[in-house]
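Coordinates from model37.pdb are shown below (PDB, C-alpha atoms and all ligand atoms).
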```pdb
ATOM      1  CA  MET N 300      47.824 313.711 141.147
ATOM      2  CA  PHE N 301      50.841 314.013 143.419
ATOM      3  CA  LEU N 302      52.840 316.273 141.062
ATOM      4  CA  LYS N 303      50.079 318.852 140.591
ATOM      5  CA  ASP N 304      51.588 322.374 140.301
ATOM      6  CA  LYS N 305      55.096 320.957 139.697
ATOM      7  CA  LYS N 306      57.100 322.044 136.667
ATOM      8  CA  ILE N 307      59.657 319.396 135.695
ATOM      9  CA  LEU N 308      62.301 319.454 132.948
ATOM     10  CA  ILE N 309      62.965 316.099 131.274
ATOM     11  CA  THR N 310      66.251 315.350 129.472
ATOM     12  CA  GLY N 311      67.208 312.277 127.445
ATOM     13  CA  LEU N 312      63.927 311.447 125.720
ATOM     14  CA  ALA N 313      65.161 310.062 122.362
ATOM     15  CA  ASN N 314      62.116 307.969 121.422
ATOM     16  CA  LYS N 315      59.117 306.135 122.895
ATOM     17  CA  TYR N 316      61.398 303.378 124.270
ATOM     18  CA  SER N 317      63.527 305.831 126.319
ATOM     19  CA  ILE N 318      63.361 305.505 130.101
ATOM     20  CA  ALA N 319      62.713 309.277 130.037
ATOM     21  CA  ALA N 320      59.483 308.562 128.090
ATOM     22  CA  GLY N 321      58.214 306.247 130.873
ATOM     23  CA  ILE N 322      59.121 308.922 133.406
ATOM     24  CA  ALA N 323      57.423 311.706 131.409
ATOM     25  CA  HIS N 324      54.221 309.650 131.091
ATOM     26  CA  ALA N 325      54.045 308.965 134.833
ATOM     27  CA  MET N 326      54.788 312.588 135.729
ATOM     28  CA  HIS N 327      52.153 313.867 133.271
ATOM     29  CA  ARG N 328      49.602 311.433 134.724
ATOM     30  CA  GLU N 329      50.365 312.812 138.202
ATOM     31  CA  GLY N 330      49.663 316.360 137.067
ATOM     32  CA  ALA N 331      53.143 317.773 136.373
ATOM     33  CA  SER N 332      53.791 320.392 133.673
ATOM     34  CA  LEU N 333      56.690 319.226 131.524
ATOM     35  CA  ALA N 334      59.464 320.733 129.415
ATOM     36  CA  PHE N 335      61.971 318.725 127.386
ATOM     37  CA  THR N 336      65.542 319.056 126.188
ATOM     38  CA  TYR N 337      66.982 317.108 123.261
ATOM     39  CA  GLN N 338      70.571 316.425 122.213
ATOM     40  CA  ASN N 339      70.310 317.626 118.604
ATOM     41  CA  GLU N 340      67.828 318.315 115.804
ATOM     42  CA  ARG N 341      67.720 314.637 114.776
ATOM     43  CA  MET N 342      66.017 313.844 118.116
ATOM     44  CA  LEU N 343      63.139 316.304 117.498
ATOM     45  CA  LYS N 344      61.275 314.052 115.051
ATOM     46  CA  ASN N 345      60.594 311.418 117.728
ATOM     47  CA  LEU N 346      60.334 313.805 120.690
ATOM     48  CA  ALA N 347      57.851 316.359 119.284
ATOM     49  CA  PRO N 348      54.793 314.051 119.000
ATOM     50  CA  ILE N 349      55.422 312.571 122.475
ATOM     51  CA  ALA N 350      55.783 316.021 124.067
ATOM     52  CA  ASN N 351      52.594 317.089 122.289
ATOM     53  CA  GLU N 352      50.723 314.063 123.685
ATOM     54  CA  LEU N 353      51.913 315.074 127.152
ATOM     55  CA  GLY N 354      50.638 318.620 126.745
ATOM     56  CA  SER N 355      54.046 320.270 126.364
ATOM     57  CA  SER N 356      55.302 322.624 123.682
ATOM     58  CA  ILE N 357      58.555 323.478 125.475
ATOM     59  CA  LEU N 358      61.297 321.742 123.482
ATOM     60  CA  ILE N 359      64.837 323.015 123.919
ATOM     61  CA  GLU N 360      68.109 321.854 122.398
ATOM     62  CA  CYS N 361      70.786 320.968 124.965
ATOM     63  CA  ASP N 362      73.979 319.079 124.179
ATOM     64  CA  VAL N 363      75.505 318.462 127.612
ATOM     65  CA  SER N 364      79.029 318.168 126.159
ATOM     66  CA  SER N 365      78.946 321.966 125.667
ATOM     67  CA  ASP N 366      78.836 324.594 128.451
ATOM     68  CA  ASP N 367      77.529 327.082 125.903
ATOM     69  CA  SER N 368      74.663 324.783 124.882
ATOM     70  CA  ILE N 369      73.696 324.228 128.546
ATOM     71  CA  LYS N 370      73.755 327.970 129.229
ATOM     72  CA  LYS N 371      71.644 328.776 126.152
ATOM     73  CA  SER N 372      69.120 326.070 127.003
ATOM     74  CA  PHE N 373      68.364 327.605 130.425
ATOM     75  CA  THR N 374      68.110 331.063 128.862
ATOM     76  CA  GLN N 375      65.490 329.525 126.550
ATOM     77  CA  LEU N 376      63.689 327.771 129.418
ATOM     78  CA  LYS N 377      63.487 331.069 131.321
ATOM     79  CA  LYS N 378      61.298 332.462 128.497
ATOM     80  CA  HIS N 379      58.652 329.829 129.411
ATOM     81  CA  TRP N 380      59.187 329.260 133.127
ATOM     82  CA  ASP N 381      60.485 331.878 135.590
ATOM     83  CA  THR N 382      61.142 329.137 138.142
ATOM     84  CA  PHE N 383      60.638 325.360 138.185
ATOM     85  CA  ASP N 384      60.626 322.342 140.511
ATOM     86  CA  GLY N 385      63.284 319.984 139.261
ATOM     87  CA  PHE N 386      64.712 317.992 136.386
ATOM     88  CA  VAL N 387      65.312 314.420 135.316
ATOM     89  CA  HIS N 388      68.806 313.600 134.027
ATOM     90  CA  SER N 389      68.410 310.565 131.761
ATOM     91  CA  ILE N 390      71.638 310.840 129.785
ATOM     92  CA  GLY N 391      74.536 308.433 129.433
ATOM     93  CA  PHE N 392      77.158 307.856 126.776
ATOM     94  CA  ALA N 393      80.488 306.203 126.112
ATOM     95  CA  PRO N 394      82.036 305.728 122.654
ATOM     96  CA  ALA N 395      80.884 302.377 121.226
ATOM     97  CA  ASP N 396      84.440 300.946 121.155
ATOM     98  CA  GLN N 397      84.588 301.255 124.973
ATOM     99  CA  LEU N 398      81.622 298.908 125.469
ATOM    100  CA  LEU N 399      82.827 295.807 123.668
ATOM    101  CA  GLY N 400      85.731 293.664 124.833
ATOM    102  CA  ASP N 401      88.020 293.254 127.812
ATOM    103  CA  PHE N 402      88.060 296.321 130.109
ATOM    104  CA  VAL N 403      91.838 296.664 130.336
ATOM    105  CA  ASP N 404      92.328 296.203 126.604
ATOM    106  CA  VAL N 405      89.625 298.561 125.280
ATOM    107  CA  THR N 406      89.588 301.456 127.769
ATOM    108  CA  THR N 407      91.332 304.615 126.566
ATOM    109  CA  ARG N 408      92.020 308.008 128.175
ATOM    110  CA  GLU N 409      89.690 309.672 125.652
ATOM    111  CA  GLY N 410      86.931 307.058 126.125
ATOM    112  CA  PHE N 411      87.188 307.420 129.911
ATOM    113  CA  LYS N 412      87.008 311.209 129.635
ATOM    114  CA  ILE N 413      83.949 311.230 127.374
ATOM    115  CA  ALA N 414      82.066 308.631 129.452
ATOM    116  CA  HIS N 415      82.612 310.583 132.679
ATOM    117  CA  ASP N 416      81.920 313.966 131.064
ATOM    118  CA  ILE N 417      78.593 313.018 129.423
ATOM    119  CA  SER N 418      77.377 310.490 132.009
ATOM    120  CA  SER N 419      78.397 312.123 135.310
ATOM    121  CA  TYR N 420      79.706 315.701 135.033
ATOM    122  CA  SER N 421      76.614 316.694 133.028
ATOM    123  CA  PHE N 422      74.462 316.080 136.129
ATOM    124  CA  THR N 423      76.566 318.589 138.109
ATOM    125  CA  ALA N 424      76.549 321.018 135.180
ATOM    126  CA  LEU N 425      72.755 320.920 134.839
ATOM    127  CA  ALA N 426      72.314 321.350 138.610
ATOM    128  CA  LYS N 427      74.635 324.370 138.529
ATOM    129  CA  ALA N 428      72.744 325.962 135.622
ATOM    130  CA  ALA N 429      69.294 325.186 137.053
ATOM    131  CA  LYS N 430      69.987 326.299 140.645
ATOM    132  CA  PRO N 431      69.021 330.005 140.262
ATOM    133  CA  MET N 432      65.616 328.967 138.856
ATOM    134  CA  LEU N 433      64.774 326.132 141.274
ATOM    135  CA  ASN N 434      61.919 326.579 143.758
ATOM    136  CA  ASP N 435      61.949 325.480 147.387
ATOM    137  CA  SER N 436      61.130 321.719 147.568
ATOM    138  CA  SER N 437      62.607 320.982 144.162
ATOM    139  CA  ALA N 438      63.920 317.523 143.276
ATOM    140  CA  LEU N 439      66.637 316.352 140.890
ATOM    141  CA  LEU N 440      66.789 312.784 139.621
ATOM    142  CA  THR N 441      69.282 310.739 137.609
ATOM    143  CA  LEU N 442      69.385 307.207 136.175
ATOM    144  CA  THR N 443      72.139 304.778 137.121
ATOM    145  CA  TYR N 444      72.894 301.075 136.710
ATOM    146  CA  LEU N 445      74.209 298.188 138.854
ATOM    147  CA  GLY N 446      77.473 298.327 136.879
ATOM    148  CA  ALA N 447      78.421 301.175 139.259
ATOM    149  CA  MET N 448      78.644 298.649 142.111
ATOM    150  CA  GLN N 449      79.485 295.305 140.483
ATOM    151  CA  SER N 450      81.433 294.367 137.363
ATOM    152  CA  LEU N 451      79.861 292.706 134.356
ATOM    153  CA  PRO N 452      81.084 292.027 130.790
ATOM    154  CA  ASN N 453      81.321 294.962 128.336
ATOM    155  CA  TYR N 454      79.809 297.675 130.542
ATOM    156  CA  ASN N 455      83.436 298.617 131.245
ATOM    157  CA  VAL N 456      84.140 302.358 131.659
ATOM    158  CA  MET N 457      80.386 303.086 131.917
ATOM    159  CA  GLY N 458      80.536 301.280 135.276
ATOM    160  CA  LEU N 459      83.169 303.738 136.480
ATOM    161  CA  ALA N 460      81.128 306.673 135.143
ATOM    162  CA  LYS N 461      77.994 305.398 136.935
ATOM    163  CA  ALA N 462      79.982 305.030 140.184
ATOM    164  CA  SER N 463      80.949 308.685 139.731
ATOM    165  CA  LEU N 464      77.319 309.597 139.007
ATOM    166  CA  GLU N 465      76.182 307.910 142.244
ATOM    167  CA  ALA N 466      78.801 309.837 144.280
ATOM    168  CA  ASN N 467      77.705 312.940 142.367
ATOM    169  CA  THR N 468      74.124 312.310 143.607
ATOM    170  CA  ARG N 469      75.338 312.272 147.237
ATOM    171  CA  PHE N 470      77.534 315.367 146.891
ATOM    172  CA  LEU N 471      74.795 317.323 145.079
ATOM    173  CA  ALA N 472      72.350 316.271 147.818
ATOM    174  CA  ALA N 473      74.741 317.632 150.473
ATOM    175  CA  SER N 474      75.349 320.831 148.520
ATOM    176  CA  LEU N 475      71.709 321.626 147.715
ATOM    177  CA  GLY N 476      70.102 320.328 150.916
ATOM    178  CA  SER N 477      70.258 323.743 152.590
ATOM    179  CA  ASP N 478      68.080 325.103 149.745
ATOM    180  CA  ASN N 479      65.617 322.246 150.360
ATOM    181  CA  ILE N 480      66.496 320.744 146.980
ATOM    182  CA  ARG N 481      66.609 316.939 147.021
ATOM    183  CA  VAL N 482      68.825 314.833 144.726
ATOM    184  CA  ASN N 483      68.262 311.128 144.097
ATOM    185  CA  ALA N 484      69.041 308.353 141.629
ATOM    186  CA  ILE N 485      67.141 305.337 140.347
ATOM    187  CA  SER N 486      69.216 302.260 139.559
ATOM    188  CA  ALA N 487      67.136 300.615 136.833
ATOM    189  CA  GLY N 488      67.329 297.017 135.689
ATOM    190  CA  PRO N 489      68.163 296.391 132.001
ATOM    191  CA  ILE N 490      65.538 297.732 129.556
ATOM    192  CA  LYS N 491      65.658 297.487 125.752
ATOM    193  CA  THR N 492      66.094 301.144 124.765
ATOM    194  CA  LEU N 493      68.047 302.881 121.989
ATOM    195  CA  ALA N 494      71.140 302.969 124.235
ATOM    196  CA  ALA N 495      70.833 299.211 124.745
ATOM    197  CA  SER N 496      70.059 298.311 121.141
ATOM    198  CA  GLY N 497      73.657 298.119 119.949
ATOM    199  CA  VAL N 498      74.860 296.171 122.983
ATOM    200  CA  LYS N 499      76.172 292.657 122.297
ATOM    201  CA  ASN N 500      74.132 289.830 123.901
ATOM    202  CA  PHE N 501      71.584 292.253 125.399
ATOM    203  CA  ARG N 502      68.756 289.746 124.929
ATOM    204  CA  LYS N 503      70.745 287.128 126.833
ATOM    205  CA  MET N 504      71.259 289.689 129.628
ATOM    206  CA  LEU N 505      67.500 290.279 129.825
ATOM    207  CA  SER N 506      66.778 286.534 130.167
ATOM    208  CA  GLN N 507      69.528 286.070 132.786
ATOM    209  CA  HIS N 508      68.040 289.009 134.669
ATOM    210  CA  SER N 509      64.613 287.381 134.703
ATOM    211  CA  GLU N 510      66.107 284.109 135.975
ATOM    212  CA  ARG N 511      67.871 285.678 138.965
ATOM    213  CA  ALA N 512      65.426 288.467 139.894
ATOM    214  CA  PRO N 513      63.011 287.599 142.739
ATOM    215  CA  LEU N 514      60.095 288.844 140.612
ATOM    216  CA  GLY N 515      61.166 286.544 137.780
ATOM    217  CA  ARG N 516      61.073 289.241 135.098
ATOM    218  CA  THR N 517      62.611 292.494 133.894
ATOM    219  CA  VAL N 518      61.199 295.957 134.645
ATOM    220  CA  THR N 519      59.510 298.464 132.321
ATOM    221  CA  SER N 520      60.150 302.168 131.798
ATOM    222  CA  GLU N 521      56.652 302.753 133.228
ATOM    223  CA  GLU N 522      57.703 301.100 136.508
ATOM    224  CA  VAL N 523      60.808 303.287 136.612
ATOM    225  CA  GLY N 524      58.545 306.259 135.812
ATOM    226  CA  ASN N 525      56.259 305.605 138.774
ATOM    227  CA  VAL N 526      59.185 305.610 141.208
ATOM    228  CA  ALA N 527      60.640 308.695 139.509
ATOM    229  CA  ALA N 528      57.332 310.538 139.954
ATOM    230  CA  PHE N 529      57.273 309.564 143.634
ATOM    231  CA  LEU N 530      60.888 310.663 144.232
ATOM    232  CA  CYS N 531      60.216 314.063 142.632
ATOM    233  CA  SER N 532      56.999 314.541 144.618
ATOM    234  CA  ASP N 533      56.557 315.994 148.106
ATOM    235  CA  TYR N 534      55.724 312.467 149.358
ATOM    236  CA  ALA N 535      59.497 311.849 149.138
ATOM    237  CA  SER N 536      60.335 315.029 151.108
ATOM    238  CA  GLY N 537      62.496 313.021 153.524
ATOM    239  CA  ILE N 538      64.571 311.232 150.866
ATOM    240  CA  THR N 539      67.780 312.686 149.416
ATOM    241  CA  GLY N 540      71.187 311.411 148.302
ATOM    242  CA  GLU N 541      69.665 307.964 147.841
ATOM    243  CA  ILE N 542      70.030 305.291 145.148
ATOM    244  CA  THR N 543      66.697 303.454 144.740
ATOM    245  CA  TYR N 544      66.782 300.139 142.844
ATOM    246  CA  VAL N 545      63.950 299.486 140.390
ATOM    247  CA  ASP N 546      65.182 296.105 139.139
ATOM    248  CA  ALA N 547      62.618 293.462 140.189
ATOM    249  CA  GLY N 548      64.967 292.712 143.123
ATOM    250  CA  PHE N 549      67.879 291.503 140.960
ATOM    251  CA  ASN N 550      70.561 293.249 143.068
ATOM    252  CA  THR N 551      69.297 291.611 146.269
ATOM    253  CA  ALA N 552      69.666 287.991 145.118
ATOM    254  CA  ALA N 553      73.081 286.323 144.829
ATOM    255  CA  MET N 554      71.688 283.194 143.226
ATOM    256  CA  PRO N 555      68.338 282.282 141.671
ATOM    257  CA  LEU N 556      65.863 279.887 143.218
ATOM    258  CA  ASN N 557      65.186 276.942 140.936
ATOM    259  CA  ASP N 558      62.684 274.081 140.740
ATOM    260  CA  LYS N 559      64.418 272.279 143.645
ATOM    261  CA  GLY N 560      64.148 275.441 145.821
TER     262      GLY N 560
HETATM  263  P1  LIG D   1      68.135 306.322 125.458
HETATM  264  O1  LIG D   1      69.072 306.088 124.326
HETATM  265  O2  LIG D   1      66.706 306.332 125.156
HETATM  266  O3  LIG D   1      68.527 307.661 126.229
HETATM  267  C1  LIG D   1      69.843 308.136 126.324
HETATM  268  C2  LIG D   1      69.762 309.620 126.065
HETATM  269  O4  LIG D   1      71.040 310.238 126.279
HETATM  270  C3  LIG D   1      69.342 309.941 124.616
HETATM  271  O5  LIG D   1      68.156 310.702 124.634
HETATM  272  C4  LIG D   1      70.501 310.784 124.098
HETATM  273  O6  LIG D   1      70.093 311.816 123.223
HETATM  274  C5  LIG D   1      71.057 311.345 125.404
HETATM  275  N1  LIG D   1      72.414 311.878 125.234
HETATM  276  C6  LIG D   1      73.568 311.217 124.941
HETATM  277  N2  LIG D   1      74.587 312.099 124.792
HETATM  278  C7  LIG D   1      74.068 313.344 125.023
HETATM  279  C8  LIG D   1      74.608 314.658 124.996
HETATM  280  N3  LIG D   1      75.898 314.908 124.693
HETATM  281  N4  LIG D   1      73.777 315.700 125.291
HETATM  282  C9  LIG D   1      72.475 315.485 125.576
HETATM  283  N5  LIG D   1      71.905 314.268 125.606
HETATM  284  C10 LIG D   1      72.695 313.208 125.323
HETATM  285  O7  LIG D   1      68.484 305.160 126.537
HETATM  286  P2  LIG D   1      67.989 304.942 128.038
HETATM  287  O8  LIG D   1      68.283 303.508 128.311
HETATM  288  O9  LIG D   1      66.641 305.470 128.226
HETATM  289  O10 LIG D   1      69.040 305.781 128.892
HETATM  290  C11 LIG D   1      68.676 306.791 129.812
HETATM  291  C12 LIG D   1      69.517 306.657 131.072
HETATM  292  O11 LIG D   1      69.165 305.461 131.742
HETATM  293  C13 LIG D   1      71.031 306.596 130.830
HETATM  294  O12 LIG D   1      71.703 307.330 131.844
HETATM  295  C14 LIG D   1      71.317 305.122 131.012
HETATM  296  O13 LIG D   1      72.645 304.908 131.398
HETATM  297  C15 LIG D   1      70.342 304.789 132.117
HETATM  298  N6  LIG D   1      70.040 303.370 132.327
HETATM  299  C16 LIG D   1      69.632 302.597 131.283
HETATM  300  C17 LIG D   1      69.339 301.248 131.496
HETATM  301  C18 LIG D   1      68.906 300.356 130.360
HETATM  302  O14 LIG D   1      69.031 299.128 130.487
HETATM  303  N7  LIG D   1      68.361 300.881 129.275
HETATM  304  C19 LIG D   1      69.451 300.706 132.786
HETATM  305  C20 LIG D   1      69.861 301.531 133.841
HETATM  306  C21 LIG D   1      70.157 302.864 133.595
HETATM  307  O1  LIG D   2      73.729 302.636 130.755
HETATM  308  C1  LIG D   2      73.351 301.891 129.872
HETATM  309  C2  LIG D   2      73.603 302.248 128.427
HETATM  310  C3  LIG D   2      74.944 302.907 128.288
HETATM  311  C4  LIG D   2      75.445 303.218 126.912
HETATM  312  C5  LIG D   2      75.110 302.516 125.769
HETATM  313  C6  LIG D   2      75.699 302.879 124.556
HETATM  314  C7  LIG D   2      75.433 302.119 123.284
HETATM  315  C8  LIG D   2      75.695 302.954 122.045
HETATM  316  C9  LIG D   2      76.361 304.242 126.833
HETATM  317  N1  LIG D   2      76.943 304.588 125.671
HETATM  318  C10 LIG D   2      76.621 303.933 124.541
HETATM  319  N2  LIG D   2      77.264 304.295 123.391
HETATM  320  C11 LIG D   2      76.913 303.828 122.177
HETATM  321  O2  LIG D   2      77.569 304.138 121.162
HETATM  322  N3  LIG D   2      72.745 300.718 130.231
HETATM  323  C12 LIG D   2      72.600 300.396 131.625
HETATM  324  C13 LIG D   2      72.300 299.699 129.241
HETATM  325  C14 LIG D   2      73.436 298.748 129.059
HETATM  326  O3  LIG D   2      74.453 299.030 128.213
HETATM  327  C15 LIG D   2      75.367 297.985 128.298
HETATM  328  C16 LIG D   2      74.920 297.034 129.218
HETATM  329  C17 LIG D   2      73.671 297.510 129.719
HETATM  330  C18 LIG D   2      72.833 296.866 130.741
HETATM  331  C19 LIG D   2      76.586 297.823 127.647
HETATM  332  C20 LIG D   2      77.345 296.668 127.898
HETATM  333  C21 LIG D   2      76.900 295.727 128.822
HETATM  334  C22 LIG D   2      75.681 295.897 129.481
END
```

Target format structure tokens, applied to this file:
Amino acid sequence: MFLKDKKILITGLANKYSIAAGIAHAMHREGASLAFTYQNERMLKNLAPIANELGSSILIECDVSSDDSIKKSFTQLKKHWDTFDGFVHSIGFAPADQLLGDFVDVTTREGFKIAHDISSYSFTALAKAAKPMLNDSSALLTLTYLGAMQSLPNYNVMGLAKASLEANTRFLAASLGSDNIRVNAISAGPIKTLAASGVKNFRKMLSQHSERAPLGRTVTSEEVGNVAAFLCSDYASGITGEITYVDAGFNTAAMPLNDKG
């Protein structure tokens, strides 16, 4: 129970397939008290039963594209928790037209702006809003993807936004370190979630991942959740500003082994 007595806010839980759901399960198992934010009312139907299962009745609307919504959500949270011990940022978005086709052809100023606003700036914005309520030894966590470091088809402007999010993790870590608040990211391998469901050739990506990854498979949200729970626990008290890969080793192998070795 390494998160006993920790109060953690979880964002981005859209349904049971969300990476945030795997994280919430692991954190609940390790003894954390949880609160949840959701993007809009449509998300409540799937979130409410999961939150209930995890012993939480703190459900707060927060659309990170709006400063007003962020502000109101922390005013709401304050009614339940005077202080807390960290949050998980599991939010990413680019308009669908940005994620299909050649990067140079499909990327627009507006698409770039939205992707960076929702996928990177929102982490800074939530840290800013949460700061007055965060206890000593708090931990913030975000979710990133290999597309921040290496190009791949169709991920396009999301790769740029994830690169920004990873730099954001390091700058937040530097900024909040003096308050003993740690800030880390998990770079997860591809997982079939709602955000991945509309992506062209996603199944092919999952099989190619399994072929190249040293472990010969993809990862689950539960495996991401276990590492998330560790990074937000006091066992990780010496880790901040770090990007931890939970990808079955995919990023460490340039070419797969095959039958011939
Ligand atoms: P998901 O669709 O379950 O979660 C994405 C969440 O973002 C949803 O809950 C959605 O409501 C939220 N969101 C989008 N716009 C928002 C806004 N304006 N305000 C508030 N919330 C908003 O998909 P997921 O795969 O679990 O994604 C979670 C995170 O993990 C994302 O940052 C994603 O980039 C990252 N990630 C996903 C994969 C993957 O293969 N699925 C791999 C690595 C990293
Ligand atoms: O970060 C992600 C998901 C990002 C995402 C997905 C969508 C689909 C629906 C952001 N915005 C949207 N907007 C929508 O309208 N991943 C790491 C999963 C993912 O998405 C891809 C991938 C992978 C992997 C998109 C193209 C190529 C690969």

Inset, instruction - Please evaluate the PyMOL selection byres (((not hetatm)) within 7 of (chain D and resi 1)) against the displayed coordinates and give the resulting residues as a ChimeraX atom specification. - result: /N:310-314,316-319,337-338,342,361-364,389-392,417-418,442-444,486-495

Write the residues of the selection above to a file with C-alpha atoms, as a PDB file, keeping the file's coordinate frame.
```pdb
ATOM      1  CA  THR N 310      66.251 315.350 129.472  1.00  0.00           C
ATOM      2  CA  GLY N 311      67.208 312.277 127.445  1.00  0.00           C
ATOM      3  CA  LEU N 312      63.927 311.447 125.720  1.00  0.00           C
ATOM      4  CA  ALA N 313      65.161 310.062 122.362  1.00  0.00           C
ATOM      5  CA  ASN N 314      62.116 307.969 121.422  1.00  0.00           C
ATOM      6  CA  TYR N 316      61.398 303.378 124.270  1.00  0.00           C
ATOM      7  CA  SER N 317      63.527 305.831 126.319  1.00  0.00           C
ATOM      8  CA  ILE N 318      63.361 305.505 130.101  1.00  0.00           C
ATOM      9  CA  ALA N 319      62.713 309.277 130.037  1.00  0.00           C
ATOM     10  CA  TYR N 337      66.982 317.108 123.261  1.00  0.00           C
ATOM     11  CA  GLN N 338      70.571 316.425 122.213  1.00  0.00           C
ATOM     12  CA  MET N 342      66.017 313.844 118.116  1.00  0.00           C
ATOM     13  CA  CYS N 361      70.786 320.968 124.965  1.00  0.00           C
ATOM     14  CA  ASP N 362      73.979 319.079 124.179  1.00  0.00           C
ATOM     15  CA  VAL N 363      75.505 318.462 127.612  1.00  0.00           C
ATOM     16  CA  SER N 364      79.029 318.168 126.159  1.00  0.00           C
ATOM     17  CA  SER N 389      68.410 310.565 131.761  1.00  0.00           C
ATOM     18  CA  ILE N 390      71.638 310.840 129.785  1.00  0.00           C
ATOM     19  CA  GLY N 391      74.536 308.433 129.433  1.00  0.00           C
ATOM     20  CA  PHE N 392      77.158 307.856 126.776  1.00  0.00           C
ATOM     21  CA  ILE N 417      78.593 313.018 129.423  1.00  0.00           C
ATOM     22  CA  SER N 418      77.377 310.490 132.009  1.00  0.00           C
ATOM     23  CA  LEU N 442      69.385 307.207 136.175  1.00  0.00           C
ATOM     24  CA  THR N 443      72.139 304.778 137.121  1.00  0.00           C
ATOM     25  CA  TYR N 444      72.894 301.075 136.710  1.00  0.00           C
ATOM     26  CA  SER N 486      69.216 302.260 139.559  1.00  0.00           C
ATOM     27  CA  ALA N 487      67.136 300.615 136.833  1.00  0.00           C
ATOM     28  CA  GLY N 488      67.329 297.017 135.689  1.00  0.00           C
ATOM     29  CA  PRO N 489      68.163 296.391 132.001  1.00  0.00           C
ATOM     30  CA  ILE N 490      65.538 297.732 129.556  1.00  0.00           C
ATOM     31  CA  LYS N 491      65.658 297.487 125.752  1.00  0.00           C
ATOM     32  CA  THR N 492      66.094 301.144 124.765  1.00  0.00           C
ATOM     33  CA  LEU N 493      68.047 302.881 121.989  1.00  0.00           C
ATOM     34  CA  ALA N 494      71.140 302.969 124.235  1.00  0.00           C
ATOM     35  CA  ALA N 495      70.833 299.211 124.745  1.00  0.00           C
TER      36      ALA N 495
END
```

The PyMOL selection byres (((chain N and resi 329) around 7) and not hetatm) resolved against shown file, as a PDB file with C-alpha atoms, keeping the file's coordinate frame:
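Output saved as out39.pdb:
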```pdb
ATOM      1  CA  MET N 300      47.824 313.711 141.147  1.00  0.00           C
ATOM      2  CA  PHE N 301      50.841 314.013 143.419  1.00  0.00           C
ATOM      3  CA  LEU N 302      52.840 316.273 141.062  1.00  0.00           C
ATOM      4  CA  LYS N 303      50.079 318.852 140.591  1.00  0.00           C
ATOM      5  CA  ALA N 325      54.045 308.965 134.833  1.00  0.00           C
ATOM      6  CA  MET N 326      54.788 312.588 135.729  1.00  0.00           C
ATOM      7  CA  HIS N 327      52.153 313.867 133.271  1.00  0.00           C
ATOM      8  CA  ARG N 328      49.602 311.433 134.724  1.00  0.00           C
ATOM      9  CA  GLY N 330      49.663 316.360 137.067  1.00  0.00           C
ATOM     10  CA  ALA N 331      53.143 317.773 136.373  1.00  0.00           C
TER      11      ALA N 331
END
```

Legend entry - Computed interatomic separation between atom CA of Thr519 of chain N and atom CA of Ile322 of chain N (Å):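 These two atoms are separated by 10.5 Å.
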
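Among the candidate residues N:Gly400, N:His324, N:Pro394, N:Thr468, the one lying nearest to Val526 of chain N is N:His324, with distances computed using all atoms listed in the file.
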
Legend entry - Nearest to ligand LIG 2 (chain D) by atom-to-atom distance, counting only C-alpha atoms and all ligand atoms, from N:Asp478, N:Asp396, N:Asp381, N:Glu541: N:Asp396

Inset, instruction - Just give me the gap between atom CA of Pro431 of chain N and atom CA of Lys461 of chain N in Å, one decimal is fine. - result: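 Computed distance, atom CA of Pro431 of chain N to atom CA of Lys461 of chain N, equals 26.4 Å.
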
Inset, instruction - Using the chain letters and residue numbers of this document, give as JSON, numbers by chain the residues selected by the PyMOL selection byres (((chain N and resi 446-451) around 12) and not hetatm). - result: {"N": [398, 399, 400, 401, 402, 418, 419, 442, 443, 444, 445, 452, 453, 454, 455, 456, 457, 458, 459, 460, 461, 462, 463, 464, 465, 466, 486, 487, 488, 489, 504, 542, 544, 550, 553]}

Legend entry - From N:Arg341, N:Arg469, N:Arg408, N:His415, residue lying nearest ligand LIG 2 (chain D) [only C-alpha atoms and all ligand atoms]: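 Among N:Arg341, N:Arg469, N:Arg408, N:His415, it is N:His415 that comes nearest to ligand LIG 2 (chain D).
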
Inset, instruction - For each of N:Ser474, N:Asn500, N:Ser506, N:Thr517, take the minimum atom-to-atom distance to ligand LIG 2 (chain D), counting all atoms listed in the file, then give the residue where this is smallest. - result: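 Selected residue with least distance to ligand LIG 2 (chain D): N:Asn500.
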
Legend entry - Neighbour list for Ala473 of chain N as JSON, numbers by chain, cut-off 9 Å, only C-alpha atoms, skip fewer than 4 positions in-chain: {"N": [468, 469, 477, 481, 482, 539, 540]}

Inset, instruction - State, in Å with one decimal place, the distance from atom CA of Cys531 of chain N to atom CA of Ala438 of chain N. - result: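 Distance reported for this atom pair: 5.1 Å.
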
If I wrap all listed atoms of ligand LIG 2 (chain D) in a box with edges along x, y and z and add 3 Å on each side, what are its centre and edge lengths in Å to one decimal, as JSON?
```
{"center_x": 74.9, "center_y": 300.2, "center_z": 126.4, "size_x": 11.3, "size_y": 14.9, "size_z": 16.5}
```

Legend entry - Residue nearest ligand LIG 2 (chain D) - candidates N:Thr543, N:Asn339, N:Thr441, N:Asn479, atoms counted: all atoms listed in the file: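 Once distances to ligand LIG 2 (chain D) are computed over all atoms listed in the file, the minimum belongs to N:Thr441.
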